[in-house]
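Shown below: coords.cif, with mmCIF, C-alpha atoms (C1' of nucleotides).
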data_upload
loop_
_atom_site.group_PDB
_atom_site.id
_atom_site.type_symbol
_atom_site.label_atom_id
_atom_site.label_comp_id
_atom_site.auth_asym_id
_atom_site.auth_seq_id
_atom_site.Cartn_x
_atom_site.Cartn_y
_atom_site.Cartn_z
ATOM 1 C CA MET A 18 0.000 0.000 0.000
ATOM 2 C CA PHE A 19 1.345 3.386 -0.928
ATOM 3 C CA MET A 20 1.512 6.341 1.430
ATOM 4 C CA GLY A 21 -1.529 8.542 1.321
ATOM 5 C CA GLU A 22 -3.913 5.800 0.336
ATOM 6 C CA ARG A 23 -6.387 4.501 2.868
ATOM 7 C CA CYS A 24 -7.591 1.046 3.684
ATOM 8 C CA GLU A 25 -11.321 0.617 3.920
ATOM 9 C CA ARG A 26 -11.167 0.547 7.721
ATOM 10 C CA VAL A 27 -9.892 4.106 7.947
ATOM 11 C CA ASP A 28 -12.386 6.755 8.998
ATOM 12 C CA THR A 29 -10.484 10.003 8.451
ATOM 13 C CA GLN A 30 -12.911 11.957 10.572
ATOM 14 C CA GLN A 31 -12.574 9.615 13.524
ATOM 15 C CA ILE A 32 -8.784 9.565 13.298
ATOM 16 C CA GLU A 33 -8.681 13.324 13.587
ATOM 17 C CA THR A 34 -10.816 13.110 16.695
ATOM 18 C CA LEU A 35 -8.508 10.498 18.215
ATOM 19 C CA LEU A 36 -5.467 12.629 17.447
ATOM 20 C CA LYS A 37 -6.958 15.552 19.331
ATOM 21 C CA VAL A 38 -7.069 13.493 22.517
ATOM 22 C CA ILE A 39 -3.441 12.374 22.626
ATOM 23 C CA PRO A 40 -1.048 14.554 24.665
ATOM 24 C CA GLU A 41 0.530 17.481 22.876
ATOM 25 C CA ALA A 42 3.872 17.063 21.152
ATOM 26 C CA GLU A 43 5.813 18.656 23.972
ATOM 27 C CA SER A 44 4.427 16.269 26.573
ATOM 28 C CA ILE A 45 5.102 13.299 24.338
ATOM 29 C CA SER A 46 8.718 14.245 23.870
ATOM 30 C CA LYS A 47 9.177 14.905 27.579
ATOM 31 C CA MET A 48 7.757 11.465 28.263
ATOM 32 C CA ALA A 49 10.100 9.984 25.696
ATOM 33 C CA ALA A 50 12.994 11.639 27.515
ATOM 34 C CA VAL A 51 11.864 10.197 30.841
ATOM 35 C CA PHE A 52 11.511 6.685 29.467
ATOM 36 C CA GLN A 53 14.813 7.112 27.711
ATOM 37 C CA ALA A 54 16.415 7.838 31.076
ATOM 38 C CA LEU A 55 14.811 4.724 32.545
ATOM 39 C CA GLN A 56 16.105 2.566 29.762
ATOM 40 C CA SER A 57 19.594 2.038 31.137
ATOM 41 C CA ASP A 58 20.508 -0.806 33.471
ATOM 42 C CA THR A 59 22.789 1.472 35.450
ATOM 43 C CA ARG A 60 20.177 4.152 35.979
ATOM 44 C CA LEU A 61 17.535 1.590 36.908
ATOM 45 C CA LYS A 62 19.860 0.089 39.491
ATOM 46 C CA ILE A 63 20.494 3.552 40.876
ATOM 47 C CA LEU A 64 16.766 4.089 41.301
ATOM 48 C CA PHE A 65 16.260 0.725 42.964
ATOM 49 C CA LEU A 66 19.061 1.558 45.366
ATOM 50 C CA LEU A 67 17.753 5.038 46.092
ATOM 51 C CA ARG A 68 14.321 3.571 46.633
ATOM 52 C CA GLN A 69 15.718 1.935 49.756
ATOM 53 C CA LYS A 70 17.887 4.741 51.063
ATOM 54 C CA GLU A 71 19.205 8.086 49.906
ATOM 55 C CA MET A 72 22.858 7.812 48.937
ATOM 56 C CA CYS A 73 25.873 9.897 47.990
ATOM 57 C CA VAL A 74 27.686 9.460 44.677
ATOM 58 C CA CYS A 75 30.472 7.608 46.375
ATOM 59 C CA GLU A 76 28.172 4.950 47.801
ATOM 60 C CA LEU A 77 26.493 4.442 44.443
ATOM 61 C CA GLU A 78 29.859 4.139 42.765
ATOM 62 C CA GLN A 79 30.831 1.407 45.187
ATOM 63 C CA ALA A 80 27.514 -0.412 44.821
ATOM 64 C CA LEU A 81 27.425 -0.353 41.036
ATOM 65 C CA GLU A 82 31.022 -1.069 40.150
ATOM 66 C CA VAL A 83 31.245 1.518 37.408
ATOM 67 C CA THR A 84 33.422 4.618 37.341
ATOM 68 C CA GLN A 85 32.582 7.693 39.375
ATOM 69 C CA SER A 86 32.211 9.561 36.118
ATOM 70 C CA ALA A 87 29.583 7.164 34.826
ATOM 71 C CA VAL A 88 27.581 7.417 38.042
ATOM 72 C CA SER A 89 27.758 11.175 37.935
ATOM 73 C CA HIS A 90 26.633 11.356 34.314
ATOM 74 C CA SER A 91 23.758 8.981 35.044
ATOM 75 C CA LEU A 92 22.702 11.042 38.034
ATOM 76 C CA ARG A 93 22.700 14.194 35.994
ATOM 77 C CA THR A 94 20.362 12.609 33.471
ATOM 78 C CA LEU A 95 17.999 11.518 36.229
ATOM 79 C CA ARG A 96 18.235 14.894 37.934
ATOM 80 C CA GLN A 97 17.475 16.886 34.798
ATOM 81 C CA LEU A 98 14.237 14.964 34.364
ATOM 82 C CA ASP A 99 13.359 15.395 38.023
ATOM 83 C CA LEU A 100 13.471 11.671 38.651
ATOM 84 C CA VAL A 101 15.919 12.166 41.486
ATOM 85 C CA ARG A 102 16.738 15.220 43.595
ATOM 86 C CA VAL A 103 19.842 16.380 45.418
ATOM 87 C CA ARG A 104 20.781 17.658 48.825
ATOM 88 C CA ARG A 105 24.186 18.882 49.974
ATOM 89 C CA GLU A 106 25.440 17.346 53.170
ATOM 90 C CA GLY A 107 28.852 18.714 54.009
ATOM 91 C CA LYS A 108 31.227 17.520 51.369
ATOM 92 C CA PHE A 109 28.765 14.898 50.163
ATOM 93 C CA THR A 110 26.042 15.217 47.555
ATOM 94 C CA VAL A 111 23.110 13.080 48.581
ATOM 95 C CA TYR A 112 20.637 11.866 45.980
ATOM 96 C CA PHE A 113 17.110 10.648 46.583
ATOM 97 C CA ILE A 114 14.020 9.604 44.595
ATOM 98 C CA ALA A 115 12.053 12.684 43.507
ATOM 99 C CA ASP A 116 8.501 11.569 44.210
ATOM 100 C CA GLU A 117 5.947 8.800 44.284
ATOM 101 C CA HIS A 118 5.447 8.880 40.508
ATOM 102 C CA VAL A 119 8.946 7.606 40.049
ATOM 103 C CA ARG A 120 8.439 4.836 42.583
ATOM 104 C CA MET A 121 5.219 3.860 40.818
ATOM 105 C CA LEU A 122 6.837 3.872 37.402
ATOM 106 C CA ILE A 123 9.536 1.389 38.295
ATOM 107 C CA GLU A 124 7.106 -0.637 40.385
ATOM 108 C CA MET A 125 4.590 -0.940 37.516
ATOM 109 C CA CYS A 126 7.278 -1.925 35.100
ATOM 110 C CA LEU A 127 8.766 -4.483 37.465
ATOM 111 C CA GLU A 128 5.351 -6.061 37.957
ATOM 112 C CA HIS A 129 4.881 -6.164 34.211
ATOM 113 C CA VAL A 130 8.121 -7.993 33.483
ATOM 114 C CA GLU A 131 7.826 -10.374 36.430
ATOM 115 C CA GLU A 132 4.203 -11.177 35.774
ATOM 116 C CA LYS A 133 4.888 -13.455 32.804
ATOM 117 C CA THR A 134 4.662 -17.186 33.357
ATOM 118 C CA MET B 6 38.977 9.642 44.087
ATOM 119 C CA PHE B 7 40.316 6.432 42.605
ATOM 120 C CA MET B 8 38.251 3.325 41.939
ATOM 121 C CA GLY B 9 38.236 0.842 44.765
ATOM 122 C CA GLU B 10 38.720 3.403 47.488
ATOM 123 C CA ARG B 11 35.838 4.282 49.736
ATOM 124 C CA CYS B 12 34.598 7.562 51.082
ATOM 125 C CA GLU B 13 33.931 7.696 54.795
ATOM 126 C CA ARG B 14 30.175 7.466 54.235
ATOM 127 C CA VAL B 15 30.386 4.016 52.676
ATOM 128 C CA ASP B 16 29.321 1.085 54.842
ATOM 129 C CA THR B 17 30.337 -1.929 52.773
ATOM 130 C CA GLN B 18 28.161 -4.252 54.800
ATOM 131 C CA GLN B 19 25.071 -2.122 54.331
ATOM 132 C CA ILE B 20 25.658 -1.749 50.603
ATOM 133 C CA GLU B 21 25.708 -5.503 50.175
ATOM 134 C CA THR B 22 22.397 -5.706 51.972
ATOM 135 C CA LEU B 23 20.900 -3.035 49.723
ATOM 136 C CA LEU B 24 22.143 -4.832 46.638
ATOM 137 C CA LYS B 25 20.382 -8.015 47.690
ATOM 138 C CA VAL B 26 17.043 -6.235 47.607
ATOM 139 C CA ILE B 27 17.205 -4.826 44.075
ATOM 140 C CA PRO B 28 15.594 -6.954 41.325
ATOM 141 C CA GLU B 29 17.755 -9.592 39.732
ATOM 142 C CA ALA B 30 19.782 -8.764 36.631
ATOM 143 C CA GLU B 31 17.301 -10.414 34.275
ATOM 144 C CA SER B 32 14.385 -8.352 35.555
ATOM 145 C CA ILE B 33 16.416 -5.173 35.350
ATOM 146 C CA SER B 34 17.326 -5.771 31.744
ATOM 147 C CA LYS B 35 13.751 -6.676 30.839
ATOM 148 C CA MET B 36 12.639 -3.429 32.436
ATOM 149 C CA ALA B 37 15.292 -1.565 30.499
ATOM 150 C CA ALA B 38 13.924 -3.110 27.312
ATOM 151 C CA VAL B 39 10.389 -2.017 28.173
ATOM 152 C CA PHE B 40 11.429 1.556 28.939
ATOM 153 C CA GLN B 41 13.542 1.529 25.830
ATOM 154 C CA ALA B 42 10.451 0.702 23.806
ATOM 155 C CA LEU B 43 8.554 3.537 25.475
ATOM 156 C CA GLN B 44 11.272 6.016 24.658
ATOM 157 C CA SER B 45 10.209 6.722 21.087
ATOM 158 C CA ASP B 46 7.758 9.457 20.153
ATOM 159 C CA THR B 47 6.225 7.242 17.498
ATOM 160 C CA ARG B 48 5.641 4.321 19.828
ATOM 161 C CA LEU B 49 4.239 6.566 22.548
ATOM 162 C CA LYS B 50 1.803 8.071 20.086
ATOM 163 C CA ILE B 51 0.778 4.581 19.036
ATOM 164 C CA LEU B 52 0.018 3.690 22.653
ATOM 165 C CA PHE B 53 -1.962 6.868 23.233
ATOM 166 C CA LEU B 54 -3.991 6.100 20.134
ATOM 167 C CA LEU B 55 -4.561 2.472 21.079
ATOM 168 C CA ARG B 56 -5.556 3.590 24.547
ATOM 169 C CA GLN B 57 -8.629 5.106 22.960
ATOM 170 C CA LYS B 58 -9.487 2.418 20.450
ATOM 171 C CA GLU B 59 -7.937 -0.708 18.998
ATOM 172 C CA MET B 60 -6.639 -0.048 15.504
ATOM 173 C CA CYS B 61 -5.224 -1.783 12.444
ATOM 174 C CA VAL B 62 -1.797 -0.941 11.052
ATOM 175 C CA CYS B 63 -3.353 1.013 8.237
ATOM 176 C CA GLU B 64 -5.204 3.356 10.585
ATOM 177 C CA LEU B 65 -2.080 3.957 12.646
ATOM 178 C CA GLU B 66 -0.112 4.678 9.513
ATOM 179 C CA GLN B 67 -2.634 7.305 8.515
ATOM 180 C CA ALA B 68 -2.756 8.849 11.970
ATOM 181 C CA LEU B 69 0.988 9.054 12.455
ATOM 182 C CA GLU B 70 2.164 10.138 9.042
ATOM 183 C CA VAL B 71 5.124 7.797 8.919
ATOM 184 C CA THR B 72 5.663 4.910 6.513
ATOM 185 C CA GLN B 73 3.826 1.630 6.894
ATOM 186 C CA SER B 74 7.164 -0.018 7.457
ATOM 187 C CA ALA B 75 7.992 2.230 10.392
ATOM 188 C CA VAL B 76 4.618 1.565 12.011
ATOM 189 C CA SER B 77 5.048 -2.151 11.542
ATOM 190 C CA HIS B 78 8.543 -2.156 13.044
ATOM 191 C CA SER B 79 7.327 -0.107 15.996
ATOM 192 C CA LEU B 80 4.428 -2.455 16.564
ATOM 193 C CA ARG B 81 6.705 -5.447 16.538
ATOM 194 C CA THR B 82 8.843 -3.894 19.252
ATOM 195 C CA LEU B 83 5.775 -3.203 21.385
ATOM 196 C CA ARG B 84 4.406 -6.677 20.712
ATOM 197 C CA GLN B 85 7.597 -8.473 21.642
ATOM 198 C CA LEU B 86 7.539 -6.821 25.055
ATOM 199 C CA ASP B 87 3.854 -7.608 25.484
ATOM 200 C CA LEU B 88 2.943 -3.942 25.607
ATOM 201 C CA VAL B 89 0.412 -4.427 22.833
ATOM 202 C CA ARG B 90 -1.340 -7.547 21.543
ATOM 203 C CA VAL B 91 -2.736 -8.553 18.193
ATOM 204 C CA ARG B 92 -5.927 -9.989 16.782
ATOM 205 C CA ARG B 93 -6.630 -10.979 13.191
ATOM 206 C CA GLU B 94 -9.795 -9.575 11.725
ATOM 207 C CA GLY B 95 -10.158 -10.680 8.136
ATOM 208 C CA LYS B 96 -7.400 -9.088 6.162
ATOM 209 C CA PHE B 97 -6.667 -6.632 8.949
ATOM 210 C CA THR B 98 -4.336 -7.007 11.907
ATOM 211 C CA VAL B 99 -5.817 -5.225 14.873
ATOM 212 C CA TYR B 100 -3.589 -4.053 17.700
ATOM 213 C CA PHE B 101 -4.643 -3.187 21.241
ATOM 214 C CA ILE B 102 -3.065 -2.295 24.588
ATOM 215 C CA ALA B 103 -1.941 -5.423 26.411
ATOM 216 C CA ASP B 104 -3.069 -4.683 29.948
ATOM 217 C CA GLU B 105 -3.629 -2.155 32.693
ATOM 218 C CA HIS B 106 0.067 -1.985 33.586
ATOM 219 C CA VAL B 107 0.769 -0.388 30.259
ATOM 220 C CA ARG B 108 -2.026 2.133 30.710
ATOM 221 C CA MET B 109 -0.694 2.955 34.177
ATOM 222 C CA LEU B 110 2.865 3.349 32.933
ATOM 223 C CA ILE B 111 2.039 5.971 30.342
ATOM 224 C CA GLU B 112 -0.446 7.609 32.686
ATOM 225 C CA MET B 113 2.113 7.912 35.516
ATOM 226 C CA CYS B 114 4.702 9.313 33.185
ATOM 227 C CA LEU B 115 2.295 11.793 31.646
ATOM 228 C CA GLU B 116 1.326 13.038 35.097
ATOM 229 C CA HIS B 117 4.974 13.392 35.978
ATOM 230 C CA VAL B 118 5.876 15.533 32.981
ATOM 231 C CA GLU B 119 2.734 17.652 33.143
ATOM 232 C CA GLU B 120 2.948 18.216 36.874
ATOM 233 C CA LYS B 121 5.799 20.730 36.666
ATOM 234 C CA THR B 122 5.005 24.391 37.091
ATOM 235 C "C1'" DT C 7 46.436 29.069 52.734
ATOM 236 C "C1'" DG C 8 47.021 24.266 50.657
ATOM 237 C "C1'" DA C 9 46.267 19.358 50.473
ATOM 238 C "C1'" DA C 10 42.880 15.821 50.239
ATOM 239 C "C1'" DC C 11 38.446 14.402 49.318
ATOM 240 C "C1'" DA C 12 33.949 14.509 46.617
ATOM 241 C "C1'" DT C 13 31.646 15.465 42.544
ATOM 242 C "C1'" DA C 14 30.931 17.381 37.826
ATOM 243 C "C1'" DT C 15 31.944 18.024 33.024
ATOM 244 C "C1'" DG C 16 33.889 17.715 28.145
ATOM 245 C "C1'" DA C 17 35.664 14.940 24.500
ATOM 246 C "C1'" DA C 18 35.760 10.832 22.035
ATOM 247 C "C1'" DC C 19 34.850 6.308 20.698
ATOM 248 C "C1'" DA C 20 32.213 1.940 20.163
ATOM 249 C "C1'" DG C 21 27.835 0.254 20.130
ATOM 250 C "C1'" DT C 22 22.850 0.819 19.416
ATOM 251 C "C1'" DT C 23 18.534 2.635 17.365
ATOM 252 C "C1'" DG C 24 14.766 4.476 14.093
ATOM 253 C "C1'" DT C 25 13.777 5.305 9.748
ATOM 254 C "C1'" DT C 26 13.334 4.331 4.836
ATOM 255 C "C1'" DC C 27 13.658 1.467 0.713
ATOM 256 C "C1'" DA C 28 12.913 -2.738 -1.344
ATOM 257 C "C1'" DT C 29 10.813 -6.906 -1.106
ATOM 258 C "C1'" DA C 30 8.310 -10.906 0.888
ATOM 259 C "C1'" DT C 31 4.210 -12.987 2.894
ATOM 260 C "C1'" DA C 32 -0.690 -13.372 3.888
ATOM 261 C "C1'" DT C 33 -5.582 -12.649 3.015
ATOM 262 C "C1'" DT C 34 -9.597 -11.564 0.170
ATOM 263 C "C1'" DA C 35 -12.271 -11.065 -3.848
ATOM 264 C "C1'" DA C 36 -12.921 -11.734 -8.637
ATOM 265 C "C1'" DT D 2 -5.941 -18.925 -10.342
ATOM 266 C "C1'" DT D 3 -4.727 -13.918 -10.380
ATOM 267 C "C1'" DA D 4 -4.911 -9.135 -8.869
ATOM 268 C "C1'" DA D 5 -5.309 -6.166 -5.138
ATOM 269 C "C1'" DT D 6 -4.947 -5.121 -0.458
ATOM 270 C "C1'" DA D 7 -2.701 -5.491 4.168
ATOM 271 C "C1'" DT D 8 1.194 -6.398 6.859
ATOM 272 C "C1'" DA D 9 5.977 -8.020 7.899
ATOM 273 C "C1'" DT D 10 10.870 -8.220 7.367
ATOM 274 C "C1'" DG D 11 15.866 -7.437 6.010
ATOM 275 C "C1'" DA D 12 19.442 -4.266 4.812
ATOM 276 C "C1'" DA D 13 21.620 -0.014 5.322
ATOM 277 C "C1'" DC D 14 22.631 4.405 6.880
ATOM 278 C "C1'" DA D 15 22.501 8.597 9.809
ATOM 279 C "C1'" DA D 16 21.780 9.874 14.365
ATOM 280 C "C1'" DC D 17 22.106 9.035 19.114
ATOM 281 C "C1'" DT D 18 23.768 6.907 23.691
ATOM 282 C "C1'" DG D 19 26.773 5.184 27.588
ATOM 283 C "C1'" DT D 20 31.046 4.605 28.993
ATOM 284 C "C1'" DT D 21 35.777 5.941 30.018
ATOM 285 C "C1'" DC D 22 39.658 9.143 30.333
ATOM 286 C "C1'" DA D 23 41.268 13.450 31.545
ATOM 287 C "C1'" DT D 24 40.448 17.379 33.914
ATOM 288 C "C1'" DA D 25 37.888 21.040 36.386
ATOM 289 C "C1'" DT D 26 35.184 22.613 40.297
ATOM 290 C "C1'" DG D 27 33.707 22.659 44.968
ATOM 291 C "C1'" DT D 28 34.179 21.481 49.980
ATOM 292 C "C1'" DT D 29 36.515 20.444 54.361
ATOM 293 C "C1'" DC D 30 40.109 20.365 57.568
ATOM 294 C "C1'" DA D 31 44.747 20.993 59.072
#
Could you spell out this file's structure in structure tokens?
Amino acid sequence: MFMGERCERVDTQQIETLLKVIPEAESISKMAAVFQALQSDTRLKILFLLRQKEMCVCELEQALEVTQSAVSHSLRTLRQLDLVRVRREGKFTVYFIADEHVRMLIEMCLEHVEEKT
Amino acid sequence: MFMGERCERVDTQQIETLLKVIPEAESISKMAAVFQALQSDTRLKILFLLRQKEMCVCELEQALEVTQSAVSHSLRTLRQLDLVRVRREGKFTVYFIADEHVRMLIEMCLEHVEEKT
DNA sequence: TGAACATATGAACAGTTGTTCATATATTAA
DNA sequence: TTAATATATGAACAACTGTTCATATGTTCA
């Protein structure tokens, strides 16, 4: 089938209505950025660690066995999307999960992948 | 700080305990795959469309203004992760959202990105 | 002050991804 | 059968990502 043609199932009017209900382009691309951040093993592990206890970069580095640089880059990504937040504590920078949405997101996804028989 | 050293905040014992509680490697990488699938504008739009009504490939193609091939590839990705499911209906292949987890995932994420001031 | 610790950032490279083009398969209707 | 429609798949290429290395910034304490 060539582009522009329509199969008999297509109701152009209805499709336009459906398109009006989906989130606007900006929201979609923000969501894509969030999911993109959640798509890395390292960043997921960070979130599952922070879910238990807020931690400084140094602790995460030790737990994850990757370089300090990698941890820091990952944390920046998560921070920029407001998935984690920061607090200074003397010479340490302590990271923690931003809010319940984030907890729910990883919880939902975990249930989904573990649900299969 | 060099790799292998520990800052004074690190409690090696505690970190091992925390690591035991995070999901096993296989679950983490499955989750990463799911989030990876949700990280594309096209696939997100597909899910927001299917959330409203099950649709055949042809309808999605028309709604999204990308090639039929691109839609089909995207759908395969979503299908393989059980985010959408398929039903044959004559010469049409009808796709629909797999389950409530998927609806929750995109809903949670949408709330998160739209919540900001 | 300066030395040591803690974290952040830029550059660069290997690996991965999404799209399109071309083509194959599957279903229906004639 | 054959033609037309509907969908899937493989190859290929540009664009993007995560990691590391090297280095910069920020903080504490002596």
Distance query Ser46 in chain A at most 12 Å, all atoms listed in the file, self and fewer than 6 positions along chain excluded, as number ranges by chain: A: 40, 52-53, 98; B: 43-50, 114-115, 118-119
Write the residues you've just listed into a file as a tab-separated table (two decimals), in the coordinates of the input, and include C-alpha atoms for each of them.
chain	number	residue	atom	x	y	z
A	40	PRO	CA	-1.05	14.55	24.66
A	52	PHE	CA	11.51	6.68	29.47
A	53	GLN	CA	14.81	7.11	27.71
A	98	LEU	CA	14.24	14.96	34.36
B	43	LEU	CA	8.55	3.54	25.48
B	44	GLN	CA	11.27	6.02	24.66
B	45	SER	CA	10.21	6.72	21.09
B	46	ASP	CA	7.76	9.46	20.15
B	47	THR	CA	6.22	7.24	17.50
B	48	ARG	CA	5.64	4.32	19.83
B	49	LEU	CA	4.24	6.57	22.55
B	50	LYS	CA	1.80	8.07	20.09
B	114	CYS	CA	4.70	9.31	33.18
B	115	LEU	CA	2.30	11.79	31.65
B	118	VAL	CA	5.88	15.53	32.98
B	119	GLU	CA	2.73	17.65	33.14
Pairing the C-alpha atoms in order across the whole chain, superpose chain B onto chain A by least squares and write the result as a compact mmCIF listing (two decimals) with C-alpha atoms, keeping the file's coordinate frame.
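Output below, filename superposed-v2.txt:
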# COMPACT_ATOMS: atom_id res chain seq x y z
CA MET B 6 -0.04 -0.14 -0.08
CA PHE B 7 1.30 3.28 -1.00
CA MET B 8 1.48 6.24 1.35
CA GLY B 9 -1.53 8.49 1.25
CA GLU B 10 -3.96 5.78 0.28
CA ARG B 11 -6.41 4.49 2.83
CA CYS B 12 -7.59 1.02 3.66
CA GLU B 13 -11.33 0.55 3.91
CA ARG B 14 -11.17 0.50 7.72
CA VAL B 15 -9.90 4.06 7.94
CA ASP B 16 -12.40 6.72 8.99
CA THR B 17 -10.50 9.96 8.43
CA GLN B 18 -12.93 11.92 10.55
CA GLN B 19 -12.60 9.58 13.50
CA ILE B 20 -8.81 9.55 13.29
CA GLU B 21 -8.70 13.31 13.57
CA THR B 22 -10.83 13.09 16.68
CA LEU B 23 -8.53 10.49 18.20
CA LEU B 24 -5.50 12.61 17.44
CA LYS B 25 -6.99 15.54 19.31
CA VAL B 26 -7.09 13.50 22.49
CA ILE B 27 -3.46 12.38 22.61
CA PRO B 28 -1.07 14.57 24.66
CA GLU B 29 0.50 17.50 22.89
CA ALA B 30 3.85 17.08 21.16
CA GLU B 31 5.79 18.69 24.00
CA SER B 32 4.40 16.30 26.59
CA ILE B 33 5.08 13.33 24.36
CA SER B 34 8.70 14.28 23.89
CA LYS B 35 9.16 14.94 27.60
CA MET B 36 7.74 11.50 28.28
CA ALA B 37 10.08 10.02 25.72
CA ALA B 38 12.97 11.68 27.53
CA VAL B 39 11.86 10.23 30.86
CA PHE B 40 11.50 6.71 29.47
CA GLN B 41 14.80 7.15 27.72
CA ALA B 42 16.42 7.87 31.06
CA LEU B 43 14.82 4.76 32.55
CA GLN B 44 16.11 2.59 29.75
CA SER B 45 19.60 2.08 31.13
CA ASP B 46 20.51 -0.78 33.46
CA THR B 47 22.80 1.49 35.43
CA ARG B 48 20.19 4.17 35.98
CA LEU B 49 17.54 1.61 36.91
CA LYS B 50 19.86 0.10 39.47
CA ILE B 51 20.50 3.56 40.87
CA LEU B 52 16.76 4.10 41.30
CA PHE B 53 16.26 0.73 42.96
CA LEU B 54 19.06 1.56 45.36
CA LEU B 55 17.76 5.04 46.10
CA ARG B 56 14.31 3.58 46.63
CA GLN B 57 15.70 1.94 49.73
CA LYS B 58 17.88 4.73 51.06
CA GLU B 59 19.21 8.07 49.92
CA MET B 60 22.86 7.80 48.95
CA CYS B 61 25.89 9.87 48.01
CA VAL B 62 27.68 9.44 44.70
CA CYS B 63 30.48 7.58 46.40
CA GLU B 64 28.17 4.91 47.80
CA LEU B 65 26.49 4.42 44.44
CA GLU B 66 29.86 4.11 42.77
CA GLN B 67 30.82 1.37 45.17
CA ALA B 68 27.51 -0.44 44.81
CA LEU B 69 27.42 -0.37 41.03
CA GLU B 70 31.02 -1.08 40.15
CA VAL B 71 31.24 1.51 37.40
CA THR B 72 33.44 4.60 37.35
CA GLN B 73 32.59 7.68 39.38
CA SER B 74 32.23 9.55 36.14
CA ALA B 75 29.60 7.17 34.83
CA VAL B 76 27.60 7.42 38.05
CA SER B 77 27.79 11.18 37.96
CA HIS B 78 26.65 11.37 34.33
CA SER B 79 23.78 9.00 35.06
CA LEU B 80 22.72 11.05 38.05
CA ARG B 81 22.72 14.21 36.03
CA THR B 82 20.38 12.65 33.50
CA LEU B 83 18.02 11.54 36.26
CA ARG B 84 18.25 14.92 37.95
CA GLN B 85 17.50 16.91 34.83
CA LEU B 86 14.25 15.00 34.39
CA ASP B 87 13.38 15.43 38.06
CA LEU B 88 13.48 11.71 38.67
CA VAL B 89 15.93 12.18 41.51
CA ARG B 90 16.77 15.23 43.62
CA VAL B 91 19.86 16.37 45.45
CA ARG B 92 20.82 17.63 48.87
CA ARG B 93 24.22 18.83 50.03
CA GLU B 94 25.47 17.28 53.22
CA GLY B 95 28.90 18.62 54.05
CA LYS B 96 31.27 17.43 51.41
CA PHE B 97 28.79 14.84 50.19
CA THR B 98 26.06 15.18 47.59
CA VAL B 99 23.13 13.06 48.60
CA TYR B 100 20.65 11.87 46.00
CA PHE B 101 17.11 10.65 46.60
CA ILE B 102 14.02 9.64 44.60
CA ALA B 103 12.06 12.70 43.53
CA ASP B 104 8.51 11.60 44.21
CA GLU B 105 5.94 8.83 44.28
CA HIS B 106 5.45 8.91 40.51
CA VAL B 107 8.95 7.63 40.05
CA ARG B 108 8.44 4.86 42.58
CA MET B 109 5.20 3.89 40.82
CA LEU B 110 6.83 3.90 37.40
CA ILE B 111 9.54 1.42 38.29
CA GLU B 112 7.10 -0.60 40.38
CA MET B 113 4.58 -0.90 37.51
CA CYS B 114 7.27 -1.89 35.09
CA LEU B 115 8.77 -4.44 37.45
CA GLU B 116 5.35 -6.03 37.95
CA HIS B 117 4.88 -6.14 34.21
CA VAL B 118 8.12 -7.96 33.47
CA GLU B 119 7.83 -10.34 36.41
CA GLU B 120 4.20 -11.17 35.75
CA LYS B 121 4.91 -13.41 32.76
CA THR B 122 4.71 -17.14 33.22
Using the chain letters and numbering of this document, enumerate as a PDB file with C-alpha atoms, in the coordinates of the input the residues selected by the PyMOL selection byres ((chain A) within 12 of (chain D)).
ATOM      1  CA  MET A  18       0.000   0.000   0.000  1.00  0.00           C
ATOM      2  CA  PHE A  19       1.345   3.386  -0.928  1.00  0.00           C
ATOM      3  CA  GLU A  22      -3.913   5.800   0.336  1.00  0.00           C
ATOM      4  CA  ARG A  23      -6.387   4.501   2.868  1.00  0.00           C
ATOM      5  CA  CYS A  24      -7.591   1.046   3.684  1.00  0.00           C
ATOM      6  CA  GLU A  25     -11.321   0.617   3.920  1.00  0.00           C
ATOM      7  CA  ARG A  26     -11.167   0.547   7.721  1.00  0.00           C
ATOM      8  CA  GLN A  53      14.813   7.112  27.711  1.00  0.00           C
ATOM      9  CA  ALA A  54      16.415   7.838  31.076  1.00  0.00           C
ATOM     10  CA  GLN A  56      16.105   2.566  29.762  1.00  0.00           C
ATOM     11  CA  SER A  57      19.594   2.038  31.137  1.00  0.00           C
ATOM     12  CA  ASP A  58      20.508  -0.806  33.471  1.00  0.00           C
ATOM     13  CA  THR A  59      22.789   1.472  35.450  1.00  0.00           C
ATOM     14  CA  ARG A  60      20.177   4.152  35.979  1.00  0.00           C
ATOM     15  CA  VAL A  83      31.245   1.518  37.408  1.00  0.00           C
ATOM     16  CA  THR A  84      33.422   4.618  37.341  1.00  0.00           C
ATOM     17  CA  GLN A  85      32.582   7.693  39.375  1.00  0.00           C
ATOM     18  CA  SER A  86      32.211   9.561  36.118  1.00  0.00           C
ATOM     19  CA  ALA A  87      29.583   7.164  34.826  1.00  0.00           C
ATOM     20  CA  VAL A  88      27.581   7.417  38.042  1.00  0.00           C
ATOM     21  CA  SER A  89      27.758  11.175  37.935  1.00  0.00           C
ATOM     22  CA  HIS A  90      26.633  11.356  34.314  1.00  0.00           C
ATOM     23  CA  SER A  91      23.758   8.981  35.044  1.00  0.00           C
ATOM     24  CA  THR A  94      20.362  12.609  33.471  1.00  0.00           C
ATOM     25  CA  ARG A 105      24.186  18.882  49.974  1.00  0.00           C
ATOM     26  CA  GLU A 106      25.440  17.346  53.170  1.00  0.00           C
ATOM     27  CA  GLY A 107      28.852  18.714  54.009  1.00  0.00           C
ATOM     28  CA  LYS A 108      31.227  17.520  51.369  1.00  0.00           C
ATOM     29  CA  PHE A 109      28.765  14.898  50.163  1.00  0.00           C
ATOM     30  CA  THR A 110      26.042  15.217  47.555  1.00  0.00           C
TER      31      THR A 110
END
Could you list the residues in chain C lying within 9 Å of chain B, using only C-alpha atoms (C1' of nucleotides), and format the result as a compact mmCIF listing (two decimals) with C-alpha atoms (C1' of nucleotides), keeping the file's coordinate frame?
# COMPACT_ATOMS: atom_id res chain seq x y z
C1' DC C 11 38.45 14.40 49.32
C1' DA C 12 33.95 14.51 46.62
C1' DG C 24 14.77 4.48 14.09
C1' DT C 25 13.78 5.30 9.75
C1' DT C 26 13.33 4.33 4.84
C1' DA C 32 -0.69 -13.37 3.89
C1' DT C 33 -5.58 -12.65 3.02
C1' DT C 34 -9.60 -11.56 0.17
